[in-house]
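Shown next: entry-v3.txt, given as compact mmCIF, N, CA and C atoms.
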```txt
# COMPACT_ATOMS: atom_id res chain seq x y z
N MET A 1050 11.07 -14.22 -19.66
CA MET A 1050 10.23 -13.34 -18.89
C MET A 1050 10.70 -13.12 -17.45
N PRO A 1051 11.96 -13.38 -17.15
CA PRO A 1051 12.42 -13.08 -15.80
C PRO A 1051 12.37 -11.59 -15.49
N LEU A 1052 12.45 -10.74 -16.52
CA LEU A 1052 12.39 -9.30 -16.28
C LEU A 1052 11.00 -8.88 -15.79
N LEU A 1053 9.97 -9.55 -16.28
CA LEU A 1053 8.62 -9.25 -15.82
C LEU A 1053 8.46 -9.61 -14.35
N LYS A 1054 9.02 -10.75 -13.97
CA LYS A 1054 8.96 -11.16 -12.57
C LYS A 1054 9.78 -10.21 -11.69
N LEU A 1055 10.94 -9.76 -12.20
CA LEU A 1055 11.76 -8.81 -11.47
C LEU A 1055 11.02 -7.49 -11.29
N LEU A 1056 10.35 -7.03 -12.33
CA LEU A 1056 9.54 -5.82 -12.23
C LEU A 1056 8.45 -5.99 -11.19
N HIS A 1057 7.82 -7.15 -11.17
CA HIS A 1057 6.76 -7.43 -10.21
C HIS A 1057 7.31 -7.39 -8.78
N PHE A 1058 8.45 -8.03 -8.55
CA PHE A 1058 9.04 -8.04 -7.21
C PHE A 1058 9.46 -6.64 -6.77
N ALA A 1059 10.09 -5.89 -7.66
CA ALA A 1059 10.53 -4.53 -7.32
C ALA A 1059 9.34 -3.63 -7.01
N ALA A 1060 8.30 -3.73 -7.82
CA ALA A 1060 7.11 -2.92 -7.58
C ALA A 1060 6.43 -3.31 -6.27
N LEU A 1061 6.41 -4.61 -5.98
CA LEU A 1061 5.84 -5.06 -4.71
C LEU A 1061 6.63 -4.55 -3.51
N LEU A 1062 7.94 -4.56 -3.62
CA LEU A 1062 8.77 -4.04 -2.53
C LEU A 1062 8.47 -2.56 -2.27
N CYS A 1063 8.39 -1.78 -3.33
CA CYS A 1063 8.09 -0.35 -3.17
C CYS A 1063 6.69 -0.14 -2.62
N TRP A 1064 5.73 -0.89 -3.14
CA TRP A 1064 4.34 -0.72 -2.69
C TRP A 1064 4.19 -1.13 -1.23
N CYS A 1065 4.72 -2.29 -0.88
CA CYS A 1065 4.59 -2.76 0.50
C CYS A 1065 5.34 -1.85 1.46
N GLY A 1066 6.52 -1.39 1.05
CA GLY A 1066 7.27 -0.46 1.90
C GLY A 1066 6.52 0.83 2.13
N SER A 1067 5.91 1.36 1.09
CA SER A 1067 5.16 2.60 1.26
C SER A 1067 3.88 2.37 2.06
N LEU A 1068 3.27 1.20 1.91
CA LEU A 1068 2.08 0.90 2.73
C LEU A 1068 2.43 0.76 4.21
N LEU A 1069 3.64 0.31 4.49
CA LEU A 1069 4.08 0.24 5.88
C LEU A 1069 4.38 1.63 6.44
N TYR A 1070 4.88 2.52 5.59
CA TYR A 1070 5.31 3.84 6.02
C TYR A 1070 4.18 4.86 6.08
N LEU A 1071 3.23 4.78 5.17
CA LEU A 1071 2.19 5.81 5.06
C LEU A 1071 1.34 6.01 6.31
N PRO A 1072 0.88 4.97 7.01
CA PRO A 1072 0.08 5.24 8.21
C PRO A 1072 0.82 6.07 9.26
N ALA A 1073 2.10 5.80 9.45
CA ALA A 1073 2.88 6.59 10.42
C ALA A 1073 3.06 8.02 9.92
N LEU A 1074 3.29 8.17 8.63
CA LEU A 1074 3.47 9.50 8.05
C LEU A 1074 2.18 10.31 8.15
N ILE A 1075 1.06 9.67 7.87
CA ILE A 1075 -0.23 10.36 7.95
C ILE A 1075 -0.53 10.76 9.39
N SER A 1076 -0.32 9.84 10.31
CA SER A 1076 -0.60 10.12 11.72
C SER A 1076 0.29 11.24 12.26
N ALA A 1077 1.54 11.28 11.82
CA ALA A 1077 2.46 12.32 12.29
C ALA A 1077 2.03 13.71 11.84
N GLY A 1078 1.26 13.79 10.79
CA GLY A 1078 0.82 15.08 10.28
C GLY A 1078 -0.22 15.77 11.14
N THR A 1079 -0.72 15.10 12.15
CA THR A 1079 -1.75 15.71 13.00
C THR A 1079 -1.21 16.09 14.38
N ARG A 1080 0.10 16.05 14.58
CA ARG A 1080 0.65 16.20 15.93
C ARG A 1080 1.32 17.53 16.21
N SER A 1081 1.26 18.49 15.33
CA SER A 1081 1.96 19.74 15.57
C SER A 1081 1.00 20.90 15.50
N GLY A 1082 1.31 21.96 16.24
CA GLY A 1082 0.48 23.15 16.23
C GLY A 1082 0.94 24.17 15.21
N ASP A 1083 2.05 23.94 14.55
CA ASP A 1083 2.61 24.87 13.57
C ASP A 1083 1.92 24.71 12.23
N ARG A 1084 1.32 25.77 11.74
CA ARG A 1084 0.56 25.72 10.48
C ARG A 1084 1.47 25.40 9.29
N LEU A 1085 2.70 25.94 9.29
CA LEU A 1085 3.64 25.67 8.21
C LEU A 1085 4.01 24.19 8.17
N PHE A 1086 4.15 23.58 9.36
CA PHE A 1086 4.44 22.15 9.44
C PHE A 1086 3.32 21.36 8.78
N TYR A 1087 2.07 21.72 9.06
CA TYR A 1087 0.95 21.01 8.48
C TYR A 1087 1.00 21.06 6.96
N ARG A 1088 1.23 22.24 6.41
CA ARG A 1088 1.24 22.39 4.96
C ARG A 1088 2.37 21.58 4.33
N ASP A 1089 3.58 21.70 4.87
CA ASP A 1089 4.72 20.97 4.32
C ASP A 1089 4.58 19.47 4.51
N HIS A 1090 4.09 19.06 5.66
CA HIS A 1090 3.93 17.64 5.93
C HIS A 1090 2.84 17.05 5.05
N ALA A 1091 1.75 17.77 4.89
CA ALA A 1091 0.67 17.29 4.02
C ALA A 1091 1.17 17.16 2.59
N HIS A 1092 2.02 18.09 2.16
CA HIS A 1092 2.58 18.02 0.81
C HIS A 1092 3.48 16.79 0.66
N LEU A 1093 4.32 16.53 1.66
CA LEU A 1093 5.19 15.36 1.63
C LEU A 1093 4.37 14.07 1.62
N THR A 1094 3.34 14.01 2.45
CA THR A 1094 2.50 12.82 2.51
C THR A 1094 1.81 12.57 1.17
N ARG A 1095 1.30 13.63 0.57
CA ARG A 1095 0.65 13.48 -0.74
C ARG A 1095 1.66 13.02 -1.80
N LEU A 1096 2.88 13.56 -1.76
CA LEU A 1096 3.90 13.16 -2.73
C LEU A 1096 4.26 11.68 -2.58
N VAL A 1097 4.42 11.22 -1.36
CA VAL A 1097 4.74 9.80 -1.14
C VAL A 1097 3.60 8.94 -1.65
N PHE A 1098 2.37 9.36 -1.38
CA PHE A 1098 1.22 8.57 -1.81
C PHE A 1098 1.08 8.56 -3.33
N THR A 1099 1.20 9.74 -3.97
CA THR A 1099 0.92 9.82 -5.40
C THR A 1099 2.11 9.48 -6.29
N LEU A 1100 3.32 9.73 -5.83
CA LEU A 1100 4.49 9.52 -6.68
C LEU A 1100 5.26 8.24 -6.39
N VAL A 1101 5.03 7.63 -5.24
CA VAL A 1101 5.72 6.39 -4.90
C VAL A 1101 4.73 5.23 -4.79
N SER A 1102 3.79 5.38 -3.88
CA SER A 1102 2.91 4.27 -3.54
C SER A 1102 1.96 3.88 -4.67
N THR A 1103 1.27 4.86 -5.24
CA THR A 1103 0.28 4.54 -6.27
C THR A 1103 0.92 3.98 -7.55
N PRO A 1104 1.99 4.59 -8.09
CA PRO A 1104 2.61 3.96 -9.26
C PRO A 1104 3.16 2.57 -8.97
N ALA A 1105 3.72 2.37 -7.78
CA ALA A 1105 4.22 1.05 -7.42
C ALA A 1105 3.07 0.04 -7.34
N ALA A 1106 1.94 0.46 -6.79
CA ALA A 1106 0.78 -0.43 -6.72
C ALA A 1106 0.29 -0.79 -8.12
N LEU A 1107 0.22 0.18 -8.99
CA LEU A 1107 -0.25 -0.09 -10.35
C LEU A 1107 0.72 -1.00 -11.09
N LEU A 1108 2.02 -0.78 -10.92
CA LEU A 1108 3.01 -1.65 -11.56
C LEU A 1108 2.95 -3.07 -10.99
N ALA A 1109 2.80 -3.18 -9.67
CA ALA A 1109 2.74 -4.50 -9.05
C ALA A 1109 1.51 -5.27 -9.51
N ILE A 1110 0.37 -4.62 -9.53
CA ILE A 1110 -0.86 -5.28 -9.94
C ILE A 1110 -0.83 -5.59 -11.44
N GLY A 1111 -0.35 -4.65 -12.23
CA GLY A 1111 -0.27 -4.87 -13.67
C GLY A 1111 0.70 -5.98 -14.05
N SER A 1112 1.88 -5.97 -13.46
CA SER A 1112 2.86 -7.01 -13.78
C SER A 1112 2.42 -8.36 -13.22
N GLY A 1113 1.76 -8.36 -12.06
CA GLY A 1113 1.22 -9.61 -11.52
C GLY A 1113 0.13 -10.18 -12.41
N THR A 1114 -0.69 -9.31 -12.96
CA THR A 1114 -1.71 -9.76 -13.90
C THR A 1114 -1.09 -10.33 -15.16
N ALA A 1115 -0.03 -9.68 -15.64
CA ALA A 1115 0.66 -10.19 -16.83
C ALA A 1115 1.29 -11.55 -16.55
N LEU A 1116 1.85 -11.72 -15.37
CA LEU A 1116 2.43 -13.02 -15.01
C LEU A 1116 1.35 -14.10 -14.95
N PHE A 1117 0.21 -13.74 -14.36
CA PHE A 1117 -0.90 -14.68 -14.26
C PHE A 1117 -1.41 -15.08 -15.65
N LEU A 1118 -1.55 -14.10 -16.53
CA LEU A 1118 -2.03 -14.39 -17.88
C LEU A 1118 -1.00 -15.19 -18.68
N ARG A 1119 0.28 -14.92 -18.45
CA ARG A 1119 1.32 -15.66 -19.15
C ARG A 1119 1.32 -17.13 -18.75
N ASP A 1120 1.22 -17.38 -17.44
CA ASP A 1120 1.25 -18.76 -16.96
C ASP A 1120 -0.07 -19.48 -17.19
N GLY A 1121 -1.17 -18.75 -17.14
CA GLY A 1121 -2.48 -19.34 -17.39
C GLY A 1121 -2.94 -20.32 -16.33
N THR A 1122 -2.43 -20.18 -15.11
CA THR A 1122 -2.86 -21.09 -14.05
C THR A 1122 -3.96 -20.45 -13.22
N LEU A 1123 -4.88 -21.28 -12.82
CA LEU A 1123 -5.94 -20.83 -11.94
C LEU A 1123 -6.11 -21.90 -10.87
N ALA A 1124 -5.66 -21.57 -9.67
CA ALA A 1124 -5.72 -22.53 -8.58
C ALA A 1124 -6.26 -21.84 -7.34
N GLY A 1125 -6.55 -22.63 -6.33
CA GLY A 1125 -7.10 -22.09 -5.09
C GLY A 1125 -6.19 -21.10 -4.41
N TRP A 1126 -4.88 -21.39 -4.42
CA TRP A 1126 -3.94 -20.48 -3.75
C TRP A 1126 -3.90 -19.14 -4.46
N LEU A 1127 -4.09 -19.13 -5.79
CA LEU A 1127 -4.07 -17.88 -6.54
C LEU A 1127 -5.29 -17.03 -6.19
N ILE A 1128 -6.43 -17.66 -6.06
CA ILE A 1128 -7.65 -16.94 -5.67
C ILE A 1128 -7.47 -16.32 -4.29
N MET A 1129 -6.89 -17.09 -3.36
CA MET A 1129 -6.63 -16.55 -2.00
C MET A 1129 -5.64 -15.40 -2.06
N LYS A 1130 -4.59 -15.54 -2.87
CA LYS A 1130 -3.59 -14.48 -2.98
C LYS A 1130 -4.21 -13.22 -3.58
N LEU A 1131 -5.03 -13.37 -4.60
CA LEU A 1131 -5.69 -12.21 -5.20
C LEU A 1131 -6.65 -11.54 -4.22
N THR A 1132 -7.26 -12.33 -3.35
CA THR A 1132 -8.13 -11.76 -2.32
C THR A 1132 -7.33 -10.92 -1.33
N VAL A 1133 -6.16 -11.42 -0.95
CA VAL A 1133 -5.30 -10.67 -0.03
C VAL A 1133 -4.77 -9.41 -0.70
N VAL A 1134 -4.42 -9.50 -1.98
CA VAL A 1134 -3.94 -8.32 -2.72
C VAL A 1134 -5.07 -7.30 -2.84
N THR A 1135 -6.29 -7.75 -3.00
CA THR A 1135 -7.43 -6.84 -3.03
C THR A 1135 -7.57 -6.11 -1.69
N ALA A 1136 -7.36 -6.83 -0.60
CA ALA A 1136 -7.39 -6.19 0.72
C ALA A 1136 -6.27 -5.16 0.85
N MET A 1137 -5.10 -5.47 0.29
CA MET A 1137 -4.00 -4.49 0.31
C MET A 1137 -4.36 -3.26 -0.52
N ALA A 1138 -5.03 -3.46 -1.64
CA ALA A 1138 -5.46 -2.33 -2.47
C ALA A 1138 -6.49 -1.49 -1.73
N LEU A 1139 -7.35 -2.12 -0.95
CA LEU A 1139 -8.32 -1.37 -0.14
C LEU A 1139 -7.60 -0.57 0.95
N CYS A 1140 -6.57 -1.15 1.54
CA CYS A 1140 -5.76 -0.40 2.52
C CYS A 1140 -5.09 0.79 1.86
N HIS A 1141 -4.62 0.59 0.64
CA HIS A 1141 -4.01 1.68 -0.13
C HIS A 1141 -5.04 2.81 -0.34
N ALA A 1142 -6.25 2.44 -0.72
CA ALA A 1142 -7.30 3.44 -0.93
C ALA A 1142 -7.64 4.15 0.38
N LEU A 1143 -7.65 3.41 1.49
CA LEU A 1143 -7.92 4.04 2.78
C LEU A 1143 -6.81 5.02 3.15
N CYS A 1144 -5.57 4.71 2.80
CA CYS A 1144 -4.48 5.67 3.02
C CYS A 1144 -4.75 6.95 2.24
N GLY A 1145 -5.23 6.82 1.02
CA GLY A 1145 -5.57 8.00 0.23
C GLY A 1145 -6.68 8.82 0.87
N VAL A 1146 -7.67 8.16 1.40
CA VAL A 1146 -8.75 8.86 2.10
C VAL A 1146 -8.21 9.59 3.33
N LEU A 1147 -7.32 8.95 4.06
CA LEU A 1147 -6.74 9.58 5.26
C LEU A 1147 -5.85 10.76 4.88
N VAL A 1148 -5.13 10.66 3.77
CA VAL A 1148 -4.33 11.80 3.30
C VAL A 1148 -5.24 12.99 3.03
N LEU A 1149 -6.34 12.76 2.36
CA LEU A 1149 -7.29 13.85 2.07
C LEU A 1149 -7.91 14.40 3.36
N ARG A 1150 -8.23 13.52 4.28
CA ARG A 1150 -8.84 13.95 5.53
C ARG A 1150 -7.89 14.83 6.34
N VAL A 1151 -6.62 14.47 6.38
CA VAL A 1151 -5.65 15.27 7.13
C VAL A 1151 -5.38 16.59 6.43
N GLU A 1152 -5.41 16.60 5.10
CA GLU A 1152 -5.23 17.85 4.37
C GLU A 1152 -6.37 18.82 4.63
N ARG A 1153 -7.58 18.31 4.72
CA ARG A 1153 -8.74 19.18 4.91
C ARG A 1153 -8.88 19.66 6.34
N ALA A 1154 -8.60 18.80 7.30
CA ALA A 1154 -8.72 19.15 8.71
C ALA A 1154 -7.51 18.60 9.47
N PRO A 1155 -6.38 19.34 9.48
CA PRO A 1155 -5.15 18.82 10.07
C PRO A 1155 -5.27 18.53 11.56
N GLU A 1156 -6.16 19.19 12.24
CA GLU A 1156 -6.29 18.97 13.68
C GLU A 1156 -7.05 17.69 14.01
N ARG A 1157 -7.75 17.17 13.05
CA ARG A 1157 -8.56 15.97 13.28
C ARG A 1157 -7.67 14.75 13.46
N SER A 1158 -7.95 13.99 14.47
CA SER A 1158 -7.12 12.83 14.76
C SER A 1158 -7.55 11.64 13.90
N VAL A 1159 -6.56 11.03 13.29
CA VAL A 1159 -6.80 9.82 12.50
C VAL A 1159 -5.94 8.68 13.06
N THR A 1160 -5.59 8.81 14.32
CA THR A 1160 -4.67 7.86 14.93
C THR A 1160 -5.23 6.44 14.94
N ARG A 1161 -6.49 6.29 15.23
CA ARG A 1161 -7.07 4.93 15.28
C ARG A 1161 -7.04 4.26 13.91
N GLN A 1162 -7.41 5.01 12.89
CA GLN A 1162 -7.39 4.44 11.55
C GLN A 1162 -5.96 4.09 11.12
N CYS A 1163 -5.01 4.96 11.45
CA CYS A 1163 -3.61 4.69 11.11
C CYS A 1163 -3.08 3.50 11.88
N LEU A 1164 -3.48 3.37 13.13
CA LEU A 1164 -3.06 2.22 13.93
C LEU A 1164 -3.64 0.93 13.36
N ALA A 1165 -4.91 0.98 12.96
CA ALA A 1165 -5.52 -0.21 12.35
C ALA A 1165 -4.80 -0.59 11.06
N LEU A 1166 -4.46 0.41 10.24
CA LEU A 1166 -3.70 0.13 9.02
C LEU A 1166 -2.31 -0.39 9.34
N GLY A 1167 -1.70 0.18 10.38
CA GLY A 1167 -0.36 -0.24 10.77
C GLY A 1167 -0.31 -1.68 11.25
N VAL A 1168 -1.42 -2.20 11.72
CA VAL A 1168 -1.49 -3.60 12.15
C VAL A 1168 -1.92 -4.49 10.99
N LEU A 1169 -2.89 -4.03 10.21
CA LEU A 1169 -3.46 -4.85 9.14
C LEU A 1169 -2.50 -5.05 7.96
N VAL A 1170 -1.82 -3.99 7.55
CA VAL A 1170 -0.95 -4.08 6.38
C VAL A 1170 0.18 -5.11 6.56
N PRO A 1171 0.91 -5.10 7.68
CA PRO A 1171 1.95 -6.15 7.82
C PRO A 1171 1.37 -7.56 7.82
N LEU A 1172 0.19 -7.74 8.40
CA LEU A 1172 -0.44 -9.06 8.37
C LEU A 1172 -0.77 -9.48 6.94
N LEU A 1173 -1.27 -8.55 6.15
CA LEU A 1173 -1.59 -8.85 4.75
C LEU A 1173 -0.32 -9.14 3.95
N ILE A 1174 0.75 -8.42 4.21
CA ILE A 1174 2.01 -8.66 3.51
C ILE A 1174 2.55 -10.03 3.84
N VAL A 1175 2.54 -10.38 5.13
CA VAL A 1175 3.03 -11.71 5.55
C VAL A 1175 2.15 -12.80 4.97
N LEU A 1176 0.85 -12.60 4.97
CA LEU A 1176 -0.06 -13.59 4.40
C LEU A 1176 0.18 -13.77 2.90
N THR A 1177 0.40 -12.67 2.19
CA THR A 1177 0.70 -12.76 0.76
C THR A 1177 1.99 -13.53 0.53
N LEU A 1178 3.01 -13.21 1.30
CA LEU A 1178 4.29 -13.91 1.17
C LEU A 1178 4.13 -15.40 1.46
N TRP A 1179 3.36 -15.72 2.48
CA TRP A 1179 3.14 -17.12 2.82
C TRP A 1179 2.41 -17.84 1.68
N LEU A 1180 1.40 -17.19 1.11
CA LEU A 1180 0.66 -17.80 0.00
C LEU A 1180 1.54 -18.02 -1.23
N VAL A 1181 2.44 -17.07 -1.49
CA VAL A 1181 3.34 -17.22 -2.63
C VAL A 1181 4.32 -18.36 -2.39
N LEU A 1182 4.85 -18.45 -1.18
CA LEU A 1182 5.82 -19.52 -0.86
C LEU A 1182 5.15 -20.87 -0.74
N ALA A 1183 3.86 -20.91 -0.42
CA ALA A 1183 3.15 -22.18 -0.30
C ALA A 1183 2.58 -22.64 -1.64
N LYS A 1184 2.83 -21.87 -2.68
CA LYS A 1184 2.30 -22.20 -4.00
C LYS A 1184 2.80 -23.56 -4.47
N PRO A 1185 1.88 -24.40 -4.90
CA PRO A 1185 2.32 -25.68 -5.46
C PRO A 1185 2.96 -25.48 -6.83
N PHE A 1186 4.04 -26.16 -7.07
CA PHE A 1186 4.75 -26.02 -8.35
C PHE A 1186 4.33 -27.07 -9.34
```

Take the structure I supplied and represent it as structure tokens, if you would.
Amino acid sequence: MPLLKLLHFAALLCWCGSLLYLPALISAGTRSGDRLFYRDHAHLTRLVFTLVSTPAALLAIGSGTALFLRDGTLAGWLIMKLTVVTAMALCHALCGVLVLRVERAPERSVTRQCLALGVLVPLLIVLTLWLVLAKPF
């Protein structure tokens, strides 16, 4: 089952990378007065969210669940890790809400929300990594 673990790691890399990138991409979509820029940028943002980030999140969560079921372990560190992953999934959902908000009203500023995501997501990623590395064997 090393391929399942490899799939999990690859999906996590894509998901975490897109979660780091999306807040900046979303925020940049509100900074121009050109209407064509808004349309093209909103399209790019939606594509990154729907074609990269969401499938990677589903693969990461699905393969992680399969790994958990295969090993059959239930420990305190796993509960904490799943809690942090749930927070990452909520950040992912908030990115989706911000994508929709910028598409509907491009002039509306979402800078504060993007800044909060830009600070929270790296903390959650580091915390997840720490929990995985601190896992008792």

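In this comparison, which uses only N, CA and C atoms, the residue of A:Leu1182, A:Val1101, A:Cys1163, A:Leu1147 approaching A:Trp1064 most closely is A:Val1101.
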
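Across the structure, atom C of A:Val1181 and atom C of A:Ala1073 are spaced 29.1 Å apart.
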
Name the residues of stretch 1051-1120 of chain A that fall into alpha helix (DSSP H) according to DSSP on the backbone, using the chain letters and numbers of this document, as a PyMOL selection string. chain A and resi 1051-1077+1084-1096+1103-1120

With only C-alpha atoms as the counted atoms, please give the residues lying no more than 9 Å from A:Val1134, apart from itself and same-chain residues fewer than 5 positions off, as a ChimeraX atom specification. /A:1110,1129,1139,1173-1174,1177

With all atoms listed in the file as the basis for distance, which of A:Val1170, A:Leu1178, A:Met1050, A:Val1159 is at the shortest distance from A:Ser1076?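 Closest residue, counting all atoms listed in the file: A:Val1159.
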
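Distance annotation: of A:Leu1100, A:Gly1113, A:Leu1071, A:Ala1105, the residue with the minimal separation from A:His1057 is A:Gly1113; atom set is only N, CA and C atoms.
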
Option closest in space to A:Lys1184, from A:Ala1124, A:Val1151, A:Leu1055, A:Leu1131 [counting only C-alpha atoms]: A:Ala1124

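Residues in contact with A:Leu1069 at 8 Å, where only N, CA and C atoms are counted and same-chain residues fewer than 3 positions away are skipped, are listed as Cys1063, Trp1064, Cys1065, Gly1066, Pro1072, Ala1073, Leu1074, Leu1166, Gly1167, Val1170 and Pro1171 of chain A.
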